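Novice: Could you have a look at this structure, given as structure tokens, before my questions?
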Amino acid sequence: MDNILVVGASLAGFRAVEELRHQGYDGRLTVIGAERHLPYDRPPLSKQVLSGKWDLERIALRPIGKEIADLDVDWRLGVAAAGLDLSARDVELADGTKVPFDALVIATGAAVRTLPGQPTLDGLYALRTLDDCLALRRDLERTPERVVVVGAGFIGAEVAATARERGLVVTVLEALSTPLQRALGDQMGNVCADIHRDHGVDLRLMVGVEGFDDDGHGRLIGVRLSDGTTIAADVAVVGVGVVPNTGWCAGSGLTIDNGVVCDETCLAADGVVAAGDIARWPNQRFGEVMRVEHWENAQDQGAHAARRLLGHADPYTPVPWFWSDQYDRKIQLAGRSSADDEVRVIDGSIDERRFVAIYGRAGRLVGVLGMNRPRVVMEYRQLIVNGTSWDDALAKSAS
Ligand SMILES: Cc1cc2nc3c(=O)[nH]c(=O)nc-3n(C[C@H](O)[C@H](O)[C@H](O)COP(=O)(O)OP(=O)(O)OC[C@H]3O[C@@H](n4cnc5c(N)ncnc54)[C@H](O)[C@@H]3O)c2cc1C
């Protein structure tokens, strides 16, 4: 094997490249990326870059202790992969070029989900790429009178927080009864709702979006809601989740089902691995087939998939972990919590917005949520790694 192709020039693809070189692979490495940028970090796009606190230098991904040139990669940026032929062992690009490979890393991540019939309008944004972020930031810098965020998930919540910190008037619309209801349940979802209310966000729950009004010249002026009302808006950001970028793999023979389906080692086919937001695999630790949309997973799975190509066949069994920065709070969530789990606050105080809650299901500790308590969250994450029972987790919290 002396010709490895990586499709997707972001975190998972970058970490795969870095690990291949780290493990001593010295053959040809080509990376195809639909964006024109070298790999960069996305989390600051809804935080420090959107707020203008960081310049763009800070989000470039760099290999640890090396320069990017040391990776000796043929970067093909600004061109998307359009098709995959597993028997010919090549990837066709949108410009018709075919790129051969001996082994392939699929790391094309995810793209934003749009609302049914969502129009293209000035002032109406999604946030996934650096270009999205810069366009939205330019509009926020013009101090719009009213910003509407559709979706109170982590990205929507961060955009709302950043816009409020800029002093803008912000309304957040959420279809469920609380933000993050499915992952956190009502009690903790309400805590997340209150943080925004504390900061003056007009949070409207259990309301859907029917459509967007424009001024007749392609500029957004309002958001129409399912309750029949319309909210005036100069800027709206739709943050209603993502869908995996699998289109270019269609018809290749790979199993595509809400992502590229892999085995427990991240192998999708002979000599083909997938990693990051696009990969769906059976995580043996939880007995669950999962696809994880978190930064740390993209980083770790990228490296794991690279080692898989080099013959290491260990199962990939992470305890997923995520953080979100909203106002002056750092929210962290580890494990696989869900709305039906038992929830206990085991540390700190909800009123002070500084606490840890744990989630239990079927006698096991399955999740931990923390607000400004990173050390305790990591302790309980380790208990999830250890397979700790719910009773033992509660006993530890009482000790
Ligand atoms: C605004 C924002 C804030 C976030 N904040 C956090 C956070 O606070 N904490 C956290 O844990 N996670 C956060 N995340 C999630 C985290 O950034 C993602 O999980 C991570 O970027 C996934 O990396 P990836 O490499 O798998 O995919 P992606 O980052 O989605 O990259 C995939 C790349 O592949 C390219 N591509 C797609 N299709 C093709 C094609 N056909 N051919 C070639 N290239 C293609 C895309 O253009 C993209 O560059 C955030 C994400 C966003 C967007």
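Within each chain, counting starts at residue 1; across the structure tokens, chains are named A, B, ... in the order shown, with ligands numbered 1 upward in that order.
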Hey, which residues come within 8 Å of ligand 1 if we count only C-alpha atoms and all ligand atoms? Could you give them as a PyMOL selection string?

Specialist: chain A and resi 7-14+32-35+39+41-47+79-82+93+107-111+127-129+133+154-155+245-248+275-279+292-299+302+321-325

Novice: Please identify which residues in region 10-248 of chain A DSSP calls alpha helix (DSSP H) from the backbone, and express them as a count of residues only.

Specialist: 58

Novice: Give me the residues within 9 Å of Val238 (chain A) as a ChimeraX atom specification, counting only C-alpha atoms and dropping any in the same chain fewer than 2 places off.

Specialist: /A:112-115,124-127,148-151,156,236,240-241

Novice: Take CA of Val223 (chain A) and CA of Gly211 (chain A) and report the distance between them in Å, one decimal.

Specialist: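 Taking CA of Val223 (chain A) as the start and CA of Gly211 (chain A) as the end point, the length is 6.1 Å.
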
Novice: Residues near region 350-358 of chain A, anyone? I mean within 9 Å using only C-alpha atoms, not counting same-chain ones fewer than 2 positions away, as a list of chain:residue names.

Specialist: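 Near region 350-358 of chain A, the qualifying residues are A:Met188, A:Val191, A:Ile195, A:Arg329, A:Ser337, A:Glu342, A:Val343, A:Arg344, A:Val345, A:Ile346, A:Asp347, A:Gly348, A:Gly360, A:Leu365, A:Val366, A:Gly367, A:Val368, A:Leu369, A:Gly370, A:Met371, A:Asn372, A:Arg373, A:Val376, A:Val377, A:Tyr380, A:Ala393, A:Leu394.
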
Novice: Using only C-alpha atoms, which of A:Val201, A:Ala60, A:Leu254, A:Leu20 sits nearest Ala303 (chain A)?

Specialist: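 Smallest separation from Ala303 (chain A) among the options: A:Leu20.
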
Novice: Taking the backbone alone, and naming residues the way the document does, which bits of region 160-359 of chain A are strand (DSSP E or B) by DSSP, as a VMD selection string?

Specialist: chain A and resid 170 to 174 202 to 205 209 to 214 219 to 225 230 to 232 235 to 238 242 to 244 256 260 to 261 267 to 269 272 to 274 279 to 283 288 to 290 321 to 326 329 to 335 342 to 349 354 to 359

Novice: Quick check, in Å to one decimal: how far apart do CA of Ala274 (chain A) and CA of Ile64 (chain A) lie?

Specialist: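 We find that CA of Ala274 (chain A) and CA of Ile64 (chain A) lie 22.4 Å from each other.
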